[in-house]
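The structure appears below as structure tokens.
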Amino acid sequence: MGLTIGVDIGGTKIAAGVVDEDGNILSVHKVPTPGTPDGIVDAIASAVEGARAGNEIVGVGIGAAGYVNRQRSTVYFAPNIDWRQEPLKQKVEARVGLPVVVENDANAAAWGEYKFGAGKGHRNVICITLGTGLGGGVIIGNKLRRGHFGVAAEFGHIRMVPDGLLCGCGSQGCWEQYASGRALVRYATQRANATPENAETLLALGDGTPEGIEGKHVSMAARQGDLVAVDSYRELARWVGAGLADLASLFDPSAFIVGGGLSDEGELLLDPIRKSYKRWLVGGNWRPVADVRAAELGNKAGLVGAADLAREPDPVM
């Protein structure tokens, strides 16, 4: 099929990378992320052209944070960019003269891990991304499952707690309000307020107050054994594991892959997630239990996955 380009749209930069059929990134071109929707389209085209130089490219895959239609062409809605029914495929194709497909960024990352990372060798995999929020992707029978309208696997907005915490989506009690980077900081802040004597290391990493705690401080303090930081990770893991148990009831995968920035903490997070998952899994002592493993591709997963999905045939029958 030849070389393709994957595009990752970040908050500060847009990266376009040339990727071969084995998932290797051959070159990357980055440009700053503009502040307007039309500017972002221009920047995507510029990044693609920069990466394309000197390479024979057969297609482009764009990972977009938002709801993408089943035809992989239009962004119905993006929470962080003012895209509403945005014909992104059409606009970028007109600029670069190459076939373009648009994918949800979490789907693209899930596909990258399935093909080239922690999911290799599995037919049925569920991926979740734990970052500022919570995203996901579903691969069943070696196929990425987008749903009828293309917006499946928005796991972060499963309602875990009726009338729970208000979510940015407008609903209440969404999973990402309890299992995400934001949630981790909230847990640490609450615990540091309640028992500051157990958070000396954590507080010292910030400005000395619970309100000054940031996600990076919780990670650093937990590695040093700070009681509040470690307990905050356990609370986060409890909610992650409970959610995975529900997903196992729906999909029965052979593996769960945990990606996103929080997965960088490895066993500090994964070990309590596994324990929580088995605790809440119906019949967990008597049935096969899916492997829970860390993602392997890091922040490259979305770019690699988007590039590879540009080689996949149109999923609409």
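Letters A, B, ... go to the chains of the structure tokens in the order shown; residues in each chain start at 1; ligands are counted from 1 in the same order.
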Can you list, as JSON, numbers by chain, every protein, DNA or RNA residue that comes within 12 Å of Ala51 of chain A when you count only C-alpha atoms, leaving out same-chain residues fewer than 4 positions away? {"A": [3, 4, 5, 6, 7, 14, 15, 16, 17, 18, 19, 25, 26, 27, 28, 29, 30, 31, 44, 45, 46, 47, 55, 56, 57, 60, 96]}
Selection to disk with N, CA and C atoms, as a PDB file, in the first residue's frame:
```pdb
ATOM      1  N   LEU A   3       3.534   4.344   1.605  1.00  0.00           N
ATOM      2  CA  LEU A   3       3.648   5.217   2.758  1.00  0.00           C
ATOM      3  C   LEU A   3       2.403   6.076   2.921  1.00  0.00           C
ATOM      4  N   THR A   4       2.032   6.309   4.174  1.00  0.00           N
ATOM      5  CA  THR A   4       0.930   7.218   4.485  1.00  0.00           C
ATOM      6  C   THR A   4       1.405   8.221   5.520  1.00  0.00           C
ATOM      7  N   ILE A   5       0.617   9.262   5.694  1.00  0.00           N
ATOM      8  CA  ILE A   5       0.919  10.287   6.690  1.00  0.00           C
ATOM      9  C   ILE A   5      -0.173  10.277   7.748  1.00  0.00           C
ATOM     10  N   GLY A   6       0.244  10.249   9.008  1.00  0.00           N
ATOM     11  CA  GLY A   6      -0.679  10.392  10.119  1.00  0.00           C
ATOM     12  C   GLY A   6      -0.554  11.779  10.708  1.00  0.00           C
ATOM     13  N   VAL A   7      -1.684  12.369  11.092  1.00  0.00           N
ATOM     14  CA  VAL A   7      -1.700  13.723  11.653  1.00  0.00           C
ATOM     15  C   VAL A   7      -2.273  13.674  13.059  1.00  0.00           C
ATOM     16  N   ILE A  14       0.713  20.698  15.852  1.00  0.00           N
ATOM     17  CA  ILE A  14       0.158  19.682  14.955  1.00  0.00           C
ATOM     18  C   ILE A  14       1.323  18.937  14.344  1.00  0.00           C
ATOM     19  N   ALA A  15       1.331  17.623  14.500  1.00  0.00           N
ATOM     20  CA  ALA A  15       2.423  16.796  13.985  1.00  0.00           C
ATOM     21  C   ALA A  15       1.914  15.925  12.852  1.00  0.00           C
ATOM     22  N   ALA A  16       2.649  15.900  11.758  1.00  0.00           N
ATOM     23  CA  ALA A  16       2.364  15.011  10.630  1.00  0.00           C
ATOM     24  C   ALA A  16       3.572  14.113  10.436  1.00  0.00           C
ATOM     25  N   GLY A  17       3.350  12.806  10.421  1.00  0.00           N
ATOM     26  CA  GLY A  17       4.449  11.864  10.304  1.00  0.00           C
ATOM     27  C   GLY A  17       4.253  10.885   9.172  1.00  0.00           C
ATOM     28  N   VAL A  18       5.317  10.598   8.450  1.00  0.00           N
ATOM     29  CA  VAL A  18       5.301   9.582   7.403  1.00  0.00           C
ATOM     30  C   VAL A  18       5.509   8.222   8.063  1.00  0.00           C
ATOM     31  N   VAL A  19       4.598   7.291   7.798  1.00  0.00           N
ATOM     32  CA  VAL A  19       4.604   5.995   8.476  1.00  0.00           C
ATOM     33  C   VAL A  19       4.570   4.882   7.445  1.00  0.00           C
ATOM     34  N   ILE A  25       7.789   5.278  12.061  1.00  0.00           N
ATOM     35  CA  ILE A  25       7.709   6.680  11.679  1.00  0.00           C
ATOM     36  C   ILE A  25       9.025   7.077  11.014  1.00  0.00           C
ATOM     37  N   LEU A  26       8.948   7.461   9.762  1.00  0.00           N
ATOM     38  CA  LEU A  26      10.151   7.762   8.997  1.00  0.00           C
ATOM     39  C   LEU A  26      10.563   9.219   9.113  1.00  0.00           C
ATOM     40  N   SER A  27       9.607  10.103   9.252  1.00  0.00           N
ATOM     41  CA  SER A  27       9.912  11.523   9.425  1.00  0.00           C
ATOM     42  C   SER A  27       8.689  12.216  10.009  1.00  0.00           C
ATOM     43  N   VAL A  28       8.919  13.340  10.679  1.00  0.00           N
ATOM     44  CA  VAL A  28       7.836  14.096  11.294  1.00  0.00           C
ATOM     45  C   VAL A  28       8.041  15.576  11.007  1.00  0.00           C
ATOM     46  N   HIS A  29       6.942  16.253  10.704  1.00  0.00           N
ATOM     47  CA  HIS A  29       6.966  17.708  10.528  1.00  0.00           C
ATOM     48  C   HIS A  29       5.923  18.304  11.458  1.00  0.00           C
ATOM     49  N   LYS A  30       6.331  19.303  12.258  1.00  0.00           N
ATOM     50  CA  LYS A  30       5.446  19.904  13.245  1.00  0.00           C
ATOM     51  C   LYS A  30       5.249  21.384  12.955  1.00  0.00           C
ATOM     52  N   VAL A  31       4.036  21.849  13.211  1.00  0.00           N
ATOM     53  CA  VAL A  31       3.717  23.281  13.105  1.00  0.00           C
ATOM     54  C   VAL A  31       2.903  23.673  14.330  1.00  0.00           C
ATOM     55  N   ILE A  44      -2.849  21.951   9.267  1.00  0.00           N
ATOM     56  CA  ILE A  44      -2.803  20.527   8.908  1.00  0.00           C
ATOM     57  C   ILE A  44      -2.208  20.363   7.517  1.00  0.00           C
ATOM     58  N   ALA A  45      -2.687  21.178   6.572  1.00  0.00           N
ATOM     59  CA  ALA A  45      -2.175  21.104   5.201  1.00  0.00           C
ATOM     60  C   ALA A  45      -0.686  21.416   5.160  1.00  0.00           C
ATOM     61  N   SER A  46      -0.252  22.412   5.920  1.00  0.00           N
ATOM     62  CA  SER A  46       1.157  22.778   5.955  1.00  0.00           C
ATOM     63  C   SER A  46       2.009  21.650   6.535  1.00  0.00           C
ATOM     64  N   ALA A  47       1.523  21.028   7.612  1.00  0.00           N
ATOM     65  CA  ALA A  47       2.274  19.926   8.225  1.00  0.00           C
ATOM     66  C   ALA A  47       2.370  18.735   7.288  1.00  0.00           C
ATOM     67  N   ASN A  55       8.819  12.189  -0.313  1.00  0.00           N
ATOM     68  CA  ASN A  55       8.213  10.868  -0.114  1.00  0.00           C
ATOM     69  C   ASN A  55       7.022  10.683  -1.059  1.00  0.00           C
ATOM     70  N   GLU A  56       6.841   9.453  -1.493  1.00  0.00           N
ATOM     71  CA  GLU A  56       5.676   9.097  -2.307  1.00  0.00           C
ATOM     72  C   GLU A  56       4.575   8.649  -1.352  1.00  0.00           C
ATOM     73  N   ILE A  57       3.549   9.477  -1.191  1.00  0.00           N
ATOM     74  CA  ILE A  57       2.508   9.256  -0.186  1.00  0.00           C
ATOM     75  C   ILE A  57       1.211   8.843  -0.881  1.00  0.00           C
ATOM     76  N   VAL A  60      -3.640  10.090   3.686  1.00  0.00           N
ATOM     77  CA  VAL A  60      -3.454  10.821   4.936  1.00  0.00           C
ATOM     78  C   VAL A  60      -4.551  10.416   5.914  1.00  0.00           C
ATOM     79  N   VAL A  96      -4.255  19.349  -0.158  1.00  0.00           N
ATOM     80  CA  VAL A  96      -3.051  18.526  -0.326  1.00  0.00           C
ATOM     81  C   VAL A  96      -3.113  17.594  -1.536  1.00  0.00           C
TER      82      VAL A  96
END
```
Test item, strand (DSSP E) assignment across segment 35-248 of chain A, answer as JSON, numbers by chain: {"A": [57, 58, 59, 60, 61, 62, 63, 64, 67, 68, 75, 76, 77, 84, 85, 86, 100, 101, 102, 103, 104, 125, 126, 127, 128, 129, 130, 134, 135, 136, 137, 138, 139, 140, 143, 144]}
Option closest in space to Val100 of chain A, from A:Ile257, A:Val48, A:Ile9, A:Val185 [counting only C-alpha atoms]: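 Checking each candidate against Val100 of chain A, we get A:Val48 as the closest.
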Need the shell around Ser73 of chain A: protein/DNA/RNA residues with any atom at most 9 Å away, counting only C-alpha atoms. Skip same-chain ones fewer than 3 positions apart. Format as a list in words? Val68, Asn69, Arg70, Glu86, Pro87, Leu88, Lys89, Gln90, Val100, Val101, Val102 and Glu103 of chain A
Pick from A:Glu214, A:Arg123, A:Trp280, A:Arg182, whichever lies nearest to Phe251 of chain A using only C-alpha atoms: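 Closest to Phe251 of chain A of all the choices is A:Arg123.
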Measuring atom to atom with only C-alpha atoms, identify which of A:Val75, A:Ala199, A:Val230, A:Ala242 is nearest to Gly150 of chain A. A:Val75
Which one is closest to Gly66 of chain A: A:Gly50, A:Gly136, A:Pro99, A:Gly39? Count only C-alpha atoms.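 Ranking A:Gly50, A:Gly136, A:Pro99, A:Gly39 by distance to Gly66 of chain A, first place goes to A:Gly136.
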To one decimal place in Å, what is the distance between atom CA of Phe256 of chain A and atom CA of Gly63 of chain A? 21.1 Å
Might you pull out every residue within 8 Å of Gly173 of chain A, with only C-alpha atoms counted and same-chain residues fewer than 3 positions away left off, and present them as a VMD selection string? chain A and resid 159 to 167 177
Go ahead and write the residues just picked, N, CA, C and O atoms, as a PDB file, in the first residue's frame.
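This is the output file result_4.pdb:
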```
ATOM      1  N   ARG A 159     -22.227   7.114  32.195  1.00  0.00           N
ATOM      2  CA  ARG A 159     -22.621   7.654  33.503  1.00  0.00           C
ATOM      3  C   ARG A 159     -22.391   6.596  34.585  1.00  0.00           C
ATOM      4  O   ARG A 159     -23.134   5.638  34.707  1.00  0.00           O
ATOM      5  N   MET A 160     -21.357   6.806  35.379  1.00  0.00           N
ATOM      6  CA  MET A 160     -21.004   5.865  36.436  1.00  0.00           C
ATOM      7  C   MET A 160     -21.758   6.148  37.737  1.00  0.00           C
ATOM      8  O   MET A 160     -22.021   5.243  38.523  1.00  0.00           O
ATOM      9  N   VAL A 161     -22.094   7.428  37.966  1.00  0.00           N
ATOM     10  CA  VAL A 161     -22.726   7.828  39.226  1.00  0.00           C
ATOM     11  C   VAL A 161     -23.967   8.657  38.896  1.00  0.00           C
ATOM     12  O   VAL A 161     -23.842   9.795  38.422  1.00  0.00           O
ATOM     13  N   PRO A 162     -25.158   8.120  39.109  1.00  0.00           N
ATOM     14  CA  PRO A 162     -26.365   8.911  38.860  1.00  0.00           C
ATOM     15  C   PRO A 162     -26.346  10.209  39.666  1.00  0.00           C
ATOM     16  O   PRO A 162     -26.040  10.204  40.866  1.00  0.00           O
ATOM     17  N   ASP A 163     -26.614  11.323  38.987  1.00  0.00           N
ATOM     18  CA  ASP A 163     -26.614  12.639  39.635  1.00  0.00           C
ATOM     19  C   ASP A 163     -25.275  12.953  40.298  1.00  0.00           C
ATOM     20  O   ASP A 163     -25.205  13.647  41.317  1.00  0.00           O
ATOM     21  N   GLY A 164     -24.194  12.436  39.686  1.00  0.00           N
ATOM     22  CA  GLY A 164     -22.857  12.667  40.230  1.00  0.00           C
ATOM     23  C   GLY A 164     -22.269  13.997  39.790  1.00  0.00           C
ATOM     24  O   GLY A 164     -22.997  14.949  39.488  1.00  0.00           O
ATOM     25  N   LEU A 165     -20.959  14.052  39.748  1.00  0.00           N
ATOM     26  CA  LEU A 165     -20.259  15.293  39.441  1.00  0.00           C
ATOM     27  C   LEU A 165     -20.614  15.787  38.042  1.00  0.00           C
ATOM     28  O   LEU A 165     -20.755  14.997  37.104  1.00  0.00           O
ATOM     29  N   LEU A 166     -20.740  17.100  37.926  1.00  0.00           N
ATOM     30  CA  LEU A 166     -21.051  17.700  36.636  1.00  0.00           C
ATOM     31  C   LEU A 166     -19.864  17.550  35.694  1.00  0.00           C
ATOM     32  O   LEU A 166     -18.722  17.819  36.061  1.00  0.00           O
ATOM     33  N   CYS A 167     -20.136  17.107  34.477  1.00  0.00           N
ATOM     34  CA  CYS A 167     -19.106  16.897  33.460  1.00  0.00           C
ATOM     35  C   CYS A 167     -19.140  18.039  32.450  1.00  0.00           C
ATOM     36  O   CYS A 167     -20.175  18.695  32.260  1.00  0.00           O
ATOM     37  N   GLN A 177     -15.048  11.857  35.083  1.00  0.00           N
ATOM     38  CA  GLN A 177     -15.003  12.704  36.277  1.00  0.00           C
ATOM     39  C   GLN A 177     -14.403  11.974  37.472  1.00  0.00           C
ATOM     40  O   GLN A 177     -14.036  12.603  38.470  1.00  0.00           O
TER      41      GLN A 177
END
```
Among segment 13-190 of chain A, which residues carry a DSSP assignment of helix (DSSP H, G or I), reported as an NGL selection string? :A and (37-52 or 88-96 or 105-116 or 155-157 or 175-177 or 181-190)
Could you list, as number ranges by chain, every residue within 7 Å of Gln85 of chain A, counting only C-alpha atoms and ignoring same-chain residues fewer than 6 positions away? A: 74-77
All heavy atoms of the current selection, written as an mmCIF file, in the first residue's frame:
```cif
data_model
loop_
_atom_site.group_PDB
_atom_site.id
_atom_site.type_symbol
_atom_site.label_atom_id
_atom_site.label_comp_id
_atom_site.auth_asym_id
_atom_site.auth_seq_id
_atom_site.Cartn_x
_atom_site.Cartn_y
_atom_site.Cartn_z
ATOM 1 N N THR A 74 -16.404 13.839 8.285
ATOM 2 C CA THR A 74 -16.925 15.048 8.913
ATOM 3 C C THR A 74 -16.812 14.952 10.430
ATOM 4 O O THR A 74 -17.129 13.914 11.016
ATOM 5 C CB THR A 74 -18.400 15.259 8.526
ATOM 6 O OG1 THR A 74 -18.497 15.398 7.108
ATOM 7 C CG2 THR A 74 -18.979 16.496 9.195
ATOM 8 N N VAL A 75 -16.351 16.021 11.061
ATOM 9 C CA VAL A 75 -16.352 16.100 12.517
ATOM 10 C C VAL A 75 -17.697 16.697 12.936
ATOM 11 O O VAL A 75 -17.973 17.867 12.693
ATOM 12 C CB VAL A 75 -15.194 16.976 13.037
ATOM 13 C CG1 VAL A 75 -15.218 17.019 14.559
ATOM 14 C CG2 VAL A 75 -13.846 16.452 12.545
ATOM 15 N N TYR A 76 -18.541 15.852 13.540
ATOM 16 C CA TYR A 76 -19.837 16.343 14.001
ATOM 17 C C TYR A 76 -19.660 17.456 15.028
ATOM 18 O O TYR A 76 -20.336 18.485 14.978
ATOM 19 C CB TYR A 76 -20.619 15.217 14.692
ATOM 20 C CG TYR A 76 -21.176 14.140 13.807
ATOM 21 C CD1 TYR A 76 -20.984 12.798 14.137
ATOM 22 C CD2 TYR A 76 -21.931 14.442 12.682
ATOM 23 C CE1 TYR A 76 -21.519 11.790 13.363
ATOM 24 C CE2 TYR A 76 -22.470 13.439 11.900
ATOM 25 C CZ TYR A 76 -22.260 12.108 12.238
ATOM 26 O OH TYR A 76 -22.791 11.117 11.467
ATOM 27 N N PHE A 77 -18.746 17.198 15.979
ATOM 28 C CA PHE A 77 -18.589 18.103 17.114
ATOM 29 C C PHE A 77 -17.218 17.868 17.728
ATOM 30 O O PHE A 77 -16.800 16.722 17.913
ATOM 31 C CB PHE A 77 -19.681 17.824 18.149
ATOM 32 C CG PHE A 77 -19.418 18.422 19.512
ATOM 33 C CD1 PHE A 77 -19.669 19.767 19.741
ATOM 34 C CD2 PHE A 77 -18.923 17.653 20.544
ATOM 35 C CE1 PHE A 77 -19.433 20.323 20.992
ATOM 36 C CE2 PHE A 77 -18.688 18.192 21.794
ATOM 37 C CZ PHE A 77 -18.937 19.535 22.015
#
```
